[in-house]
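Below: model06.txt (compact mmCIF, C-alpha atoms)
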```
# COMPACT_ATOMS: atom_id res chain seq x y z
CA MET G 1 1.05 -63.95 -4.41
CA ILE G 2 4.24 -61.98 -4.50
CA SER G 3 2.83 -59.43 -6.90
CA THR G 4 -0.35 -59.01 -4.80
CA GLY G 5 1.67 -58.50 -1.62
CA HIS G 6 3.96 -56.14 -3.39
CA LYS G 7 0.97 -54.20 -4.75
CA ASN G 8 -0.60 -53.90 -1.29
CA MET G 9 2.67 -52.71 0.25
CA THR G 10 3.11 -50.19 -2.56
CA GLU G 11 -0.44 -48.86 -2.07
CA ARG G 12 0.12 -48.54 1.69
CA SER G 13 3.40 -46.79 1.08
CA VAL G 14 1.93 -44.39 -1.47
CA LYS G 15 -0.90 -43.54 0.96
CA HIS G 16 1.65 -43.03 3.72
CA ILE G 17 3.80 -40.73 1.58
CA ARG G 18 0.70 -38.82 0.42
CA LYS G 19 -0.35 -38.23 4.03
CA TYR G 20 3.16 -37.12 4.90
CA CYS G 21 3.36 -34.71 1.96
CA ALA G 22 -0.10 -33.30 2.76
CA GLY G 23 1.05 -32.67 6.34
CA LEU G 24 4.21 -30.95 5.14
CA LEU G 25 2.29 -28.78 2.67
CA SER G 26 -0.24 -27.70 5.31
CA CYS G 27 2.57 -26.87 7.68
CA LEU G 28 4.32 -24.76 5.02
CA LEU G 29 1.14 -22.94 4.04
CA ILE G 30 0.38 -22.02 7.65
CA THR G 31 3.93 -20.80 8.15
CA LEU G 32 4.07 -18.76 4.94
CA SER G 33 0.57 -17.24 5.05
CA PRO G 34 0.50 -13.45 5.58
CA VAL G 35 0.45 -12.36 9.19
CA GLY G 36 -2.79 -10.56 8.49
CA SER G 37 -4.56 -11.08 11.76
CA GLY G 38 -2.11 -9.00 13.77
CA GLN G 39 -1.52 -6.25 11.22
CA ALA G 40 -3.27 -2.98 10.46
CA ARG G 41 -6.02 -3.21 7.88
CA GLU G 42 -6.72 -0.42 5.52
CA LEU G 43 -9.50 1.54 7.08
CA LEU G 44 -12.41 3.63 5.89
CA HIS G 45 -13.87 5.85 8.58
CA PRO G 46 -17.52 6.81 9.00
CA VAL G 47 -18.13 10.52 8.56
CA PRO G 48 -19.92 11.92 11.64
CA GLY G 49 -23.48 12.98 10.85
CA THR G 50 -23.21 11.60 7.28
CA PRO G 51 -23.64 15.05 5.67
CA GLN G 52 -25.26 15.44 2.26
CA ALA G 53 -22.58 15.42 -0.44
CA GLN G 54 -22.37 18.74 -2.21
CA ASP G 55 -23.32 18.39 -5.84
CA PHE G 56 -20.86 19.42 -8.52
CA GLU G 57 -20.63 19.55 -12.27
CA LEU G 58 -17.21 19.00 -13.81
CA HIS G 59 -15.87 18.04 -17.23
CA ASP G 60 -13.91 14.93 -18.08
CA LEU G 61 -10.96 14.84 -20.49
CA ASP G 62 -13.36 14.54 -23.43
CA SER G 63 -15.21 17.68 -22.25
CA ASN G 64 -18.28 15.71 -21.21
CA ALA G 65 -20.03 17.31 -18.23
CA LEU G 66 -20.81 15.01 -15.31
CA LYS G 67 -22.79 15.82 -12.19
CA LEU G 68 -22.58 13.95 -8.91
CA SER G 69 -26.38 14.05 -8.74
CA ASP G 70 -26.50 12.05 -12.01
CA PHE G 71 -25.53 9.02 -9.93
CA LYS G 72 -28.10 9.26 -7.17
CA GLY G 73 -29.14 5.77 -6.12
CA HIS G 74 -25.61 4.46 -6.68
CA ILE G 75 -22.69 4.18 -4.33
CA VAL G 76 -20.16 6.75 -5.58
CA VAL G 77 -16.46 6.77 -4.73
CA VAL G 78 -15.22 10.36 -5.05
CA ASN G 79 -11.44 10.52 -5.10
CA PHE G 80 -9.52 13.83 -5.08
CA TRP G 81 -6.05 13.49 -6.55
CA ALA G 82 -3.30 15.04 -8.65
CA THR G 83 -0.70 13.56 -10.98
CA TRP G 84 2.12 15.23 -9.02
CA CYS G 85 1.02 13.81 -5.64
CA PRO G 86 3.02 10.61 -4.95
CA PRO G 87 0.45 8.74 -2.81
CA CYS G 88 -2.25 9.65 -5.35
CA ARG G 89 -0.20 8.09 -8.12
CA ALA G 90 0.45 5.08 -5.94
CA GLU G 91 -3.20 4.34 -5.24
CA ILE G 92 -4.62 4.85 -8.74
CA PRO G 93 -3.63 1.38 -10.06
CA SER G 94 -5.34 -0.32 -7.11
CA MET G 95 -8.37 1.88 -7.71
CA GLN G 96 -8.48 0.70 -11.31
CA ARG G 97 -8.33 -2.92 -10.12
CA ALA G 98 -11.11 -2.23 -7.60
CA TRP G 99 -13.16 -0.57 -10.35
CA THR G 100 -13.17 -3.73 -12.47
CA HIS G 101 -14.93 -5.44 -9.57
CA LEU G 102 -17.06 -2.57 -8.23
CA LYS G 103 -18.64 -1.59 -11.56
CA LYS G 104 -20.35 -4.98 -11.68
CA HIS G 105 -22.18 -3.88 -8.53
CA ASN G 106 -23.23 -0.50 -10.00
CA VAL G 107 -20.66 1.37 -7.92
CA VAL G 108 -19.36 4.53 -9.61
CA ILE G 109 -15.84 5.94 -9.24
CA LEU G 110 -15.31 9.63 -9.96
CA ALA G 111 -11.69 10.73 -9.68
CA ILE G 112 -11.39 14.50 -9.46
CA HIS G 113 -8.05 15.91 -10.52
CA VAL G 114 -7.24 19.03 -8.54
CA GLY G 115 -5.83 21.65 -10.92
CA GLY G 116 -5.64 21.28 -14.63
CA ASN G 117 -3.02 20.00 -16.99
CA GLU G 118 -4.94 17.78 -19.37
CA ASP G 119 -1.87 16.52 -21.26
CA LYS G 120 -0.14 15.24 -18.13
CA ILE G 121 -3.35 13.74 -16.77
CA TRP G 122 -4.07 12.02 -20.08
CA SER G 123 -0.55 10.62 -20.27
CA PHE G 124 -0.73 9.33 -16.68
CA LEU G 125 -4.12 7.68 -17.17
CA THR G 126 -2.96 6.03 -20.38
CA ASP G 127 0.13 4.63 -18.67
CA PHE G 128 -2.00 3.02 -15.97
CA GLY G 129 -4.90 1.96 -18.18
CA VAL G 130 -7.44 3.89 -16.12
CA ASP G 131 -10.96 3.72 -17.54
CA PHE G 132 -13.13 5.14 -14.77
CA PRO G 133 -14.30 8.76 -15.18
CA VAL G 134 -11.68 11.39 -14.34
CA LEU G 135 -12.96 14.94 -13.92
CA ILE G 136 -10.92 18.13 -13.93
CA ASP G 137 -11.33 20.66 -11.12
CA ALA G 138 -9.09 23.24 -12.79
CA ASN G 139 -9.56 26.08 -10.30
CA SER G 140 -10.05 23.70 -7.31
CA LYS G 141 -13.42 25.30 -6.55
CA VAL G 142 -15.07 21.92 -5.95
CA SER G 143 -12.10 20.59 -3.98
CA ARG G 144 -12.16 23.58 -1.65
CA SER G 145 -15.91 23.29 -1.10
CA TRP G 146 -15.70 19.65 0.02
CA PRO G 147 -14.55 18.76 3.57
CA MET G 148 -10.95 17.98 2.59
CA ARG G 149 -7.59 19.61 3.14
CA GLY G 150 -4.99 17.36 1.56
CA LEU G 151 -4.42 14.93 -1.29
CA PRO G 152 -5.40 12.22 -1.77
CA THR G 153 -8.74 12.18 0.02
CA THR G 154 -11.55 9.84 -0.88
CA PHE G 155 -15.21 9.93 0.09
CA ILE G 156 -17.73 7.14 -0.29
CA ILE G 157 -21.20 8.49 -1.05
CA ASP G 158 -24.11 6.23 -0.19
CA PRO G 159 -27.10 5.69 -2.53
CA GLN G 160 -28.97 8.48 -0.71
CA GLY G 161 -26.25 10.97 -1.69
CA LYS G 162 -24.73 11.27 1.78
CA ILE G 163 -21.02 11.15 2.64
CA ALA G 164 -20.85 7.87 4.54
CA LEU G 165 -17.13 7.05 4.65
CA ARG G 166 -13.82 8.84 4.26
CA ALA G 167 -10.17 7.99 3.74
CA ILE G 168 -7.39 10.57 4.11
CA GLY G 169 -4.26 9.39 2.33
CA GLY G 170 -3.74 6.53 -0.06
CA ARG G 171 -5.26 3.09 0.26
CA GLU G 172 -5.02 -0.22 -1.52
CA TRP G 173 -8.50 -0.02 -2.98
CA ASP G 174 -8.64 -3.59 -4.19
CA ASP G 175 -8.24 -4.86 -0.63
CA PRO G 176 -11.22 -7.24 -0.24
CA ALA G 177 -12.01 -5.71 3.17
CA LEU G 178 -12.33 -2.23 1.63
CA ILE G 179 -14.47 -3.51 -1.21
CA LYS G 180 -16.71 -5.31 1.27
CA THR G 181 -17.08 -2.12 3.35
CA ILE G 182 -18.04 -0.13 0.25
CA LEU G 183 -20.55 -2.69 -1.00
CA ALA G 184 -22.10 -2.94 2.47
CA LEU G 185 -23.42 0.60 1.98
CA ALA G 186 -25.89 -0.75 -0.57
CA LYS G 187 -27.46 -2.95 2.09
CA GLN G 188 -27.94 -0.19 4.64
CA LYS G 189 -31.48 0.93 5.45
CA LYS G 190 -32.72 3.97 3.60
CA MET E 1 -6.51 -66.66 -26.24
CA ALA E 2 -5.94 -62.96 -26.43
CA GLY E 3 -2.60 -61.75 -25.17
CA PRO E 4 0.63 -60.06 -26.12
CA PRO E 5 2.27 -60.84 -29.48
CA PHE E 6 4.16 -64.07 -29.58
CA PHE E 7 7.60 -62.49 -29.42
CA MET E 8 6.79 -61.17 -25.94
CA ARG E 9 5.52 -64.49 -24.74
CA LEU E 10 8.03 -66.64 -22.89
CA ASN E 11 7.97 -70.19 -21.74
CA SER E 12 7.84 -70.50 -17.97
CA ASN E 13 6.61 -72.65 -15.10
CA HIS E 14 3.85 -70.18 -14.52
CA GLY E 15 2.01 -70.97 -17.71
CA SER E 16 1.24 -67.78 -19.60
CA CYS E 17 4.04 -65.51 -18.68
CA TYR E 18 5.05 -62.38 -20.46
CA ALA E 19 8.15 -60.30 -20.91
CA TRP E 20 8.43 -59.25 -17.25
CA CYS E 21 8.43 -62.92 -16.22
CA PRO E 22 11.35 -63.96 -13.95
CA ASP E 23 13.99 -66.38 -15.09
CA PRO E 24 12.63 -69.88 -14.29
CA ILE E 25 15.93 -70.94 -12.73
CA GLN E 26 15.95 -68.01 -10.33
CA SER E 27 12.22 -67.96 -9.68
CA ASN E 28 12.65 -69.40 -6.17
CA GLN E 29 14.93 -66.46 -5.22
CA THR E 30 12.51 -63.79 -6.51
CA GLU E 31 10.63 -63.20 -3.24
CA PRO E 32 13.72 -62.45 -1.06
CA VAL E 33 15.11 -60.17 -3.82
CA ILE E 34 11.90 -58.12 -3.94
CA LYS E 35 11.81 -57.92 -0.14
CA ARG E 36 15.41 -56.73 -0.09
CA GLU E 37 14.68 -54.14 -2.78
CA TRP E 38 11.60 -53.09 -0.86
CA GLN E 39 13.60 -52.67 2.32
CA ILE E 40 16.16 -50.54 0.46
CA LEU E 41 13.33 -48.46 -1.00
CA MET E 42 11.79 -47.99 2.45
CA ARG E 43 15.15 -47.02 3.96
CA THR E 44 15.70 -44.47 1.17
CA THR E 45 12.19 -43.07 1.62
CA HIS E 46 12.79 -42.82 5.35
CA ARG E 47 16.05 -40.94 4.76
CA ILE E 48 14.34 -38.53 2.35
CA LYS E 49 11.55 -37.92 4.86
CA LEU E 50 14.10 -37.29 7.60
CA THR E 51 16.03 -34.84 5.41
CA ILE E 52 12.84 -32.96 4.44
CA SER E 53 11.70 -32.86 8.08
CA LEU E 54 15.04 -31.49 9.31
CA THR E 55 15.09 -28.88 6.52
CA LEU E 56 11.54 -27.83 7.35
CA ILE E 57 12.28 -27.58 11.07
CA GLY E 58 15.33 -25.43 10.29
CA PHE E 59 13.22 -23.23 8.01
CA LEU E 60 10.50 -22.84 10.65
CA ILE E 61 13.07 -21.89 13.29
CA PHE E 62 14.52 -19.32 10.87
CA LEU E 63 11.07 -17.84 10.18
CA SER E 64 10.20 -17.69 13.87
CA LEU E 65 13.43 -15.79 14.57
CA ILE E 66 12.61 -12.96 12.12
CA PRO E 67 9.94 -11.19 14.24
CA ILE E 68 12.02 -11.72 17.39
CA THR E 69 15.01 -10.06 15.69
CA ILE E 70 12.85 -7.17 14.53
CA TYR E 71 11.34 -6.78 18.00
CA LEU E 72 14.70 -6.84 19.75
CA ALA E 73 16.38 -4.46 17.30
CA PRO E 74 16.98 -1.06 18.90
CA PRO E 75 14.58 1.61 17.57
CA ARG E 76 16.11 4.08 15.18
CA PRO E 77 16.33 7.46 16.90
CA ALA E 78 14.19 10.14 15.29
CA ASN E 79 17.14 12.34 14.44
CA ALA E 80 19.41 9.56 13.26
CA GLN E 81 20.82 10.94 10.04
CA SER E 82 23.63 10.15 7.72
CA ALA E 83 26.51 12.57 7.17
CA ASP E 84 24.65 13.92 4.15
CA LEU E 85 22.00 15.95 5.92
CA ASN E 86 20.31 17.10 2.73
CA THR E 87 19.31 13.70 1.53
CA SER E 88 18.59 11.86 4.76
CA VAL E 89 15.03 10.92 5.57
CA ILE E 90 13.82 11.40 9.12
CA LYS E 91 11.32 8.76 10.12
CA TRP E 92 9.64 8.55 13.49
CA SER E 93 6.56 6.89 14.89
CA GLY E 94 5.06 7.08 18.36
CA GLY E 95 2.29 8.54 20.51
CA GLY E 96 -0.29 8.28 17.75
CA LEU E 97 1.91 10.01 15.15
CA LYS E 98 3.85 8.71 12.19
CA LEU E 99 6.23 11.17 10.60
CA GLU E 100 8.53 11.32 7.61
CA LEU E 101 10.52 14.42 6.70
CA GLN E 102 13.18 15.09 4.11
CA ALA E 103 14.82 18.33 3.06
CA MET E 104 14.43 18.95 -0.67
CA PRO E 105 17.49 20.08 -2.62
CA LEU E 106 16.98 23.48 -4.31
CA ASP E 107 17.08 22.08 -7.84
CA LEU E 108 14.33 19.61 -7.01
CA VAL E 109 12.18 22.41 -5.56
CA ARG E 110 12.73 24.54 -8.67
CA ALA E 111 11.92 21.63 -10.98
CA PHE E 112 8.76 20.69 -9.11
CA PHE E 113 7.31 24.21 -9.15
CA LEU E 114 8.38 24.95 -12.73
CA GLY E 115 6.38 21.87 -13.64
CA ARG E 116 3.36 23.25 -11.76
CA GLY E 117 3.22 26.47 -13.79
CA PHE E 118 5.49 28.83 -11.83
CA SER E 119 7.91 31.11 -13.65
CA ALA E 120 11.63 30.45 -13.22
CA ILE E 121 11.88 33.53 -10.97
CA ASP E 122 9.05 32.40 -8.69
CA ALA E 123 10.31 28.80 -8.58
CA ASP E 124 13.72 30.13 -7.57
CA TYR E 125 12.09 32.36 -4.94
CA ILE E 126 10.43 29.31 -3.33
CA ALA E 127 13.71 27.36 -3.42
CA LYS E 128 15.79 30.16 -1.89
CA THR E 129 13.38 31.30 0.82
CA GLY E 130 11.12 28.36 1.54
CA CYS E 131 13.38 25.74 3.16
CA ILE E 132 11.07 23.12 1.70
CA TYR E 133 10.79 19.67 3.23
CA ARG E 134 8.73 16.94 1.72
CA SER E 135 6.65 15.28 4.42
CA ALA E 136 4.22 12.51 5.18
CA LEU E 137 2.43 12.74 8.51
CA GLY E 138 -0.50 10.86 9.93
CA ASN E 139 -1.99 8.58 12.54
CA ASN E 140 0.03 5.48 13.36
CA GLY E 141 -3.04 3.73 14.81
CA VAL E 142 -3.99 0.33 13.49
CA LYS E 143 -7.52 -0.08 14.82
CA SER E 144 -10.60 1.97 14.04
CA GLY E 145 -11.02 2.72 17.77
CA ASP E 146 -7.58 4.31 18.17
CA PRO E 147 -7.66 8.00 19.13
CA ALA E 148 -7.61 10.65 16.41
CA THR E 149 -4.38 12.57 15.84
CA VAL E 150 -4.67 16.30 15.26
CA ILE E 151 -1.75 18.11 13.64
CA GLU E 152 -1.62 21.91 13.54
CA LEU E 153 1.49 23.19 11.83
CA THR E 154 1.11 26.61 13.43
CA LYS E 155 1.89 25.02 16.81
CA TRP E 156 5.26 23.62 15.69
CA ARG E 157 8.36 25.51 16.84
CA ILE E 158 11.48 26.08 14.79
CA ILE E 159 14.54 26.70 16.94
CA GLY E 160 17.11 28.11 14.55
CA PRO E 161 19.84 30.73 14.45
CA LYS E 162 17.30 33.54 14.86
CA GLU E 163 14.32 33.91 17.16
CA PRO E 164 11.98 30.91 17.35
CA GLN E 165 10.13 30.89 14.07
CA VAL E 166 6.95 29.30 12.80
CA ILE E 167 6.12 27.39 9.67
CA GLN E 168 5.02 29.34 6.61
CA THR E 169 1.54 28.03 5.87
CA ARG E 170 -0.57 27.81 2.72
CA GLN E 171 -2.45 30.91 3.77
CA GLN E 172 0.72 32.99 4.17
CA TRP E 173 2.09 31.82 0.83
CA ALA E 174 -1.25 32.66 -0.85
CA LYS E 175 -0.74 36.33 0.10
CA ILE E 176 2.76 36.25 -1.38
CA TRP E 177 1.44 34.79 -4.66
CA ASP E 178 -1.28 37.41 -4.84
CA ASN E 179 1.38 40.12 -4.55
CA ARG E 180 3.62 38.46 -7.13
CA LYS E 181 0.75 38.03 -9.61
CA VAL E 182 1.28 34.29 -9.98
CA SER E 183 -0.99 32.41 -12.39
CA LYS E 184 -4.16 30.74 -11.09
CA ASN E 185 -2.94 27.25 -12.06
CA ALA E 186 0.31 27.72 -10.17
CA LYS E 187 -1.51 29.02 -7.08
CA VAL E 188 -3.88 26.03 -7.10
CA ALA E 189 -0.98 23.58 -7.40
CA PHE E 190 1.00 25.33 -4.66
CA HIS E 191 -1.95 25.26 -2.25
CA TRP E 192 -2.48 21.52 -2.65
CA ALA E 193 1.22 20.68 -2.75
CA LEU E 194 1.75 22.18 0.69
CA PHE E 195 0.93 20.13 3.76
CA PRO E 196 -2.47 21.06 5.27
CA THR E 197 -2.16 23.67 8.01
CA SER E 198 -4.53 21.77 10.27
CA GLN E 199 -5.91 18.27 9.91
CA SER E 200 -7.41 15.48 12.01
CA TYR E 201 -6.32 11.92 11.20
CA ARG E 202 -8.01 8.66 12.11
CA SER E 203 -6.22 5.30 12.05
CA SER E 204 -4.45 4.65 8.70
CA ASP E 205 -4.98 8.29 7.65
CA TYR E 206 -2.05 10.40 6.52
CA ASN E 207 -1.28 13.33 4.28
CA TRP E 208 1.57 13.94 1.95
CA GLY E 209 2.78 17.47 1.28
CA MET E 210 5.58 19.98 1.47
CA ILE E 211 6.34 21.97 4.60
CA SER E 212 7.97 25.36 4.30
CA PHE E 213 10.21 26.32 7.22
CA ASN E 214 10.87 29.73 5.69
CA MET E 215 14.66 29.98 6.07
CA PRO E 216 17.65 30.36 3.72
CA PRO E 217 19.28 27.29 2.14
CA GLY E 218 21.60 25.36 4.43
CA THR E 219 20.18 26.80 7.68
CA ARG E 220 20.46 24.37 10.56
CA PHE E 221 17.68 24.17 13.09
CA ASP E 222 15.87 22.02 15.65
CA LEU E 223 12.18 21.34 15.29
CA GLU E 224 9.61 20.75 18.00
CA VAL E 225 6.80 18.72 16.45
CA ARG E 226 3.53 19.07 18.33
CA TRP E 227 0.31 17.13 17.95
CA ARG E 228 -2.72 15.94 19.89
CA SER E 229 -3.61 12.28 20.27
CA GLY E 230 -7.17 12.07 21.57
CA ASP E 231 -7.15 14.66 24.37
CA VAL E 232 -3.44 14.44 25.10
CA GLU E 233 -1.01 17.09 23.83
CA LYS E 234 2.28 15.55 22.73
CA ASN E 235 5.59 16.72 21.32
CA LYS E 236 8.82 15.42 19.87
CA MET E 237 12.07 17.31 19.39
CA LEU E 238 13.91 16.66 16.14
CA LYS E 239 17.49 17.91 16.27
CA LYS E 240 20.00 19.11 13.69
CA LEU E 241 17.80 19.52 10.67
CA GLU E 242 19.20 21.41 7.72
CA CYS E 243 17.43 23.25 4.93
CA GLY E 244 18.17 21.95 1.45
CA LYS E 245 21.06 23.41 -0.52
```
Just dump the structure as structure tokens.
Amino acid sequence: MISTGHKNMTERSVKHIRKYCAGLLSCLLITLSPVGSGQARELLHPVPGTPQAQDFELHDLDSNALKLSDFKGHIVVVNFWATWCPPCRAEIPSMQRAWTHLKKHNVVILAIHVGGNEDKIWSFLTDFGVDFPVLIDANSKVSRSWPMRGLPTTFIIDPQGKIALRAIGGREWDDPALIKTILALAKQKK
Amino acid sequence: MAGPPFFMRLNSNHGSCYAWCPDPIQSNQTEPVIKREWQILMRTTHRIKLTISLTLIGFLIFLSLIPITIYLAPPRPANAQSADLNTSVIKWSGGGLKLELQAMPLDLVRAFFLGRGFSAIDADYIAKTGCIYRSALGNNGVKSGDPATVIELTKWRIIGPKEPQVIQTRQQWAKIWDNRKVSKNAKVAFHWALFPTSQSYRSSDYNWGMISFNMPPGTRFDLEVRWRSGDVEKNKMLKKLECGK
């Protein structure tokens, strides 16, 4: 009798403590969660008129020629950057993280280095483990022909080859909201 | 009958009783003892719960005070600078603009442009005549519907020891490099390293780049920053800037 009573009391107590701990944990999680709702999100802006992206042909570090038009039918992220541009350097690791997710959805990233110093570019890419294509715009001819004036600037090209979205300045490219915005382009009507 | 080995089996009034079995003499006192122990356990649990609750409440109050403290803190004036003018960063945000400026010491300017393919003479020329500031400027908006911010460096005014001057833009520097027969690589790097002469920024947008105020090292000046937020022209006076030395 004693042991049964004791057992019941223990069970009740354990349940009570469990409930209490669950309450405490929930309270802590709510308190410590990021204050995301009130803060600025990283934004991609629609490009008015969604102009046709100008085609280009550039070489990567292995001297392979790549054309933008090779990727028609895909969403293409075209990022203009340089190793000596601090926000460019800052965003490249997040772009690599985004790439690991985006490539599963047939999204292509083409990072165009403005100016040419292959050794420094190679060293930088190795340090950050970048494995998406990096093209060299040695004389900045392509960079000057695109609607951009400063580094970094990134354009998102829709599957029809039009410039749909734009970001001036660095972004955290693995932000789920940004990835969702990019992938949403695939669902848009042709 | 299956059960524990014999050495664990004890004789008791309860028949088959094992090692945990109470002493038969004290068996009548077992119930009150367990109740007492249970009460002590409950009191201890209650005390622990109370301590955790009070700690949590204190922690929550502390967390809730952080944003209030930040909100109530006086804003840092735009021209608030330390005694060392060359290394201080000017940060300001308001009216659709976010701004960060910092004078670059001459050695840093030389090193940067030597690394971009300039000769030592040309790198020194930039350092000694350019009054180079590193800058980050953009739209301080947080929502996609916030008005665009348009920055045109040619509209900024430098109020220095001489007549009001203007910023030396990419286009003006390009003419200098043509005359000085600078290499193509260096010219490309210089163009993109300088802040864009004119640019429109949506929320979250910003550019990084160098701004050339075109004065000798150590020159002190005031700067009127001008921009447009939506359709509204705005300005901000930054006082007591000093070119890098």
Got a sec to pull out which chain E residues are within 10 Å of chain G, counting all atoms listed in the file, and send them as a PyMOL selection string? chain E and resi 30-31+34-35+38+42+45-46+49+52-53+56+59-60+63-64+112+115-117+136-138+140-144+184-209
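Checking E:Ile211, E:Ile121, E:Cys243, E:Val150 one by one against Arg226 in chain E, counting all atoms listed in the file, you find the shortest gap at E:Val150.
Residues lying within 7 Å of Leu223 in chain E, counting only C-alpha atoms and ignoring same-chain neighbours fewer than 3 positions away, are Arg157, Ile158, Ile159, Met237, Leu238 and Lys239 of chain E.
When CA of Tyr133 in chain E is paired with CA of Lys91 in chain E, their separation reads 12.9 Å.
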For range 67-80 of chain G, find every residue with an atom within 8 Å (counting only C-alpha atoms), except residues of its own chain fewer than 2 positions away, and show them as a ChimeraX atom specification. /G:55-58,65,82,106-114,143,151-161,182-183,185-186
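We find CA of Pro217 in chain E and CA of Leu114 in chain E to be spaced 18.6 Å apart.
Between CA of Gly160 in chain E and CA of Thr219 in chain E there is a distance of 7.6 Å.
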